[in-house]
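Before any comments, here is the structure.
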Amino acid sequence: MSREEARIEETDAGKVPADDGWFILNLSEIAWDTVPGGGTWCTFESPNARSPVLGIGVHVLEPGEPNGMYHGESNQEGFLVLSGECLLIVEGQERRMRQWDYFHCPPFTEHITIGAGDGPCAILMVGLRSPDEKINYPAEPAAQKYGAAVQKATHSPKEAYAGRPPFSPARSPFP
């Protein structure tokens, strides 16, 4: 079975695949999203044909910016620091990560990454997806001191991110 090449559309934020065909896009031209205080990121999939199996993208964090809320989920994830430095809080412990460090995150390992160092940090993030995914957002003090954890434990992403500004399109942070 052969696959067709994806149709690529130009948006205000950059190029996006319009369907689930194969494609090649450069990080400097692909569309990105951002949220104040939460970094800038891109995903390697069509917004119209989201993969039910694998999520993959690059997240760029400035020093002090968390990529989300401290959590543990039922699916495996992996994080490779491409450039810069970040602080990983894993199971309540702070660990420094730098370029080429990889964090293997088995299911239900509680974690969050936060930009560190004196410049941006780019992280390749990969995660499995499943329709019956479960997620926990614990009230972890080590992450709370960076504004990266809920005040009251929940299983609801909607509750965990209540009050967070909406995502907005962004241009690539890469020239």
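Chains: A, B, ... in order of the structure tokens. Residues: from 1 per chain. Ligands: from 1, in order shown.
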
Please report as CSV every residue of stretch 121-160 of chain A lying within 9 Å of stretch 54-76 of chain A, along with the nearest atom pair and their distance in Å (one decimal), using only C-alpha atoms.
```
residue,atom,partner,partner_atom,distance
A:Cys121,CA,A:Leu61,CA,5.2
A:Ala122,CA,A:Val60,CA,4.4
A:Ile123,CA,A:His59,CA,5.3
A:Leu124,CA,A:Val58,CA,4.5
A:Met125,CA,A:Gly57,CA,5.5
A:Val126,CA,A:Ile56,CA,4.4
A:Gly127,CA,A:Gly55,CA,5.1
A:Leu128,CA,A:Leu54,CA,4.6
A:Arg129,CA,A:Leu54,CA,5.5
A:Ser130,CA,A:Asn75,CA,7.4
A:Asp132,CA,A:Ser74,CA,8.6
A:Glu133,CA,A:Ser74,CA,5.7
A:Lys134,CA,A:Ser74,CA,5.2
A:Ile135,CA,A:Glu73,CA,4.2
A:Asn136,CA,A:Gly72,CA,5.3
A:Tyr137,CA,A:His71,CA,4.5
A:Pro138,CA,A:His71,CA,6.4
A:Ala139,CA,A:Tyr70,CA,8.1
A:Glu140,CA,A:Tyr70,CA,7.4
A:Ala143,CA,A:Tyr70,CA,6.5
A:Gln144,CA,A:Tyr70,CA,8.5
A:Tyr146,CA,A:Gly64,CA,7.2
A:Gly147,CA,A:Pro66,CA,7.8
A:Ala148,CA,A:Met69,CA,4.8
A:Ala149,CA,A:Tyr70,CA,4.9
A:Val150,CA,A:Met69,CA,7.0
A:Ala160,CA,A:Met69,CA,7.1
```

What is the distance between atom CA of A:Pro52 and atom CA of A:Trp22, in Å to one decimal?
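Taking atom CA of A:Pro52 and atom CA of A:Trp22, their separation equals 15.8 Å.
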
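For the set A:Pro120, A:Pro36, A:Pro17, A:Gly78, the residue with the smallest atom-to-atom gap to A:Phe174 is A:Pro120, counting only C-alpha atoms.
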
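If you look at atom CA of A:Val35 and atom CA of A:Pro157, they are 15.8 Å away from each other.
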
Residues within 6 Å of A:Val81, please, as an MDAnalysis selection string. Count only C-alpha atoms; anything in the same chain fewer than 3 positions from it doesn't count.
chainID A and resid 99:101 123

So, with only C-alpha atoms as the atoms that count, which of A:Gly84, A:Pro47, A:Gly14, A:Gly115 lies closest to A:Ala31?
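Smallest distance to A:Ala31 is found for A:Gly14.
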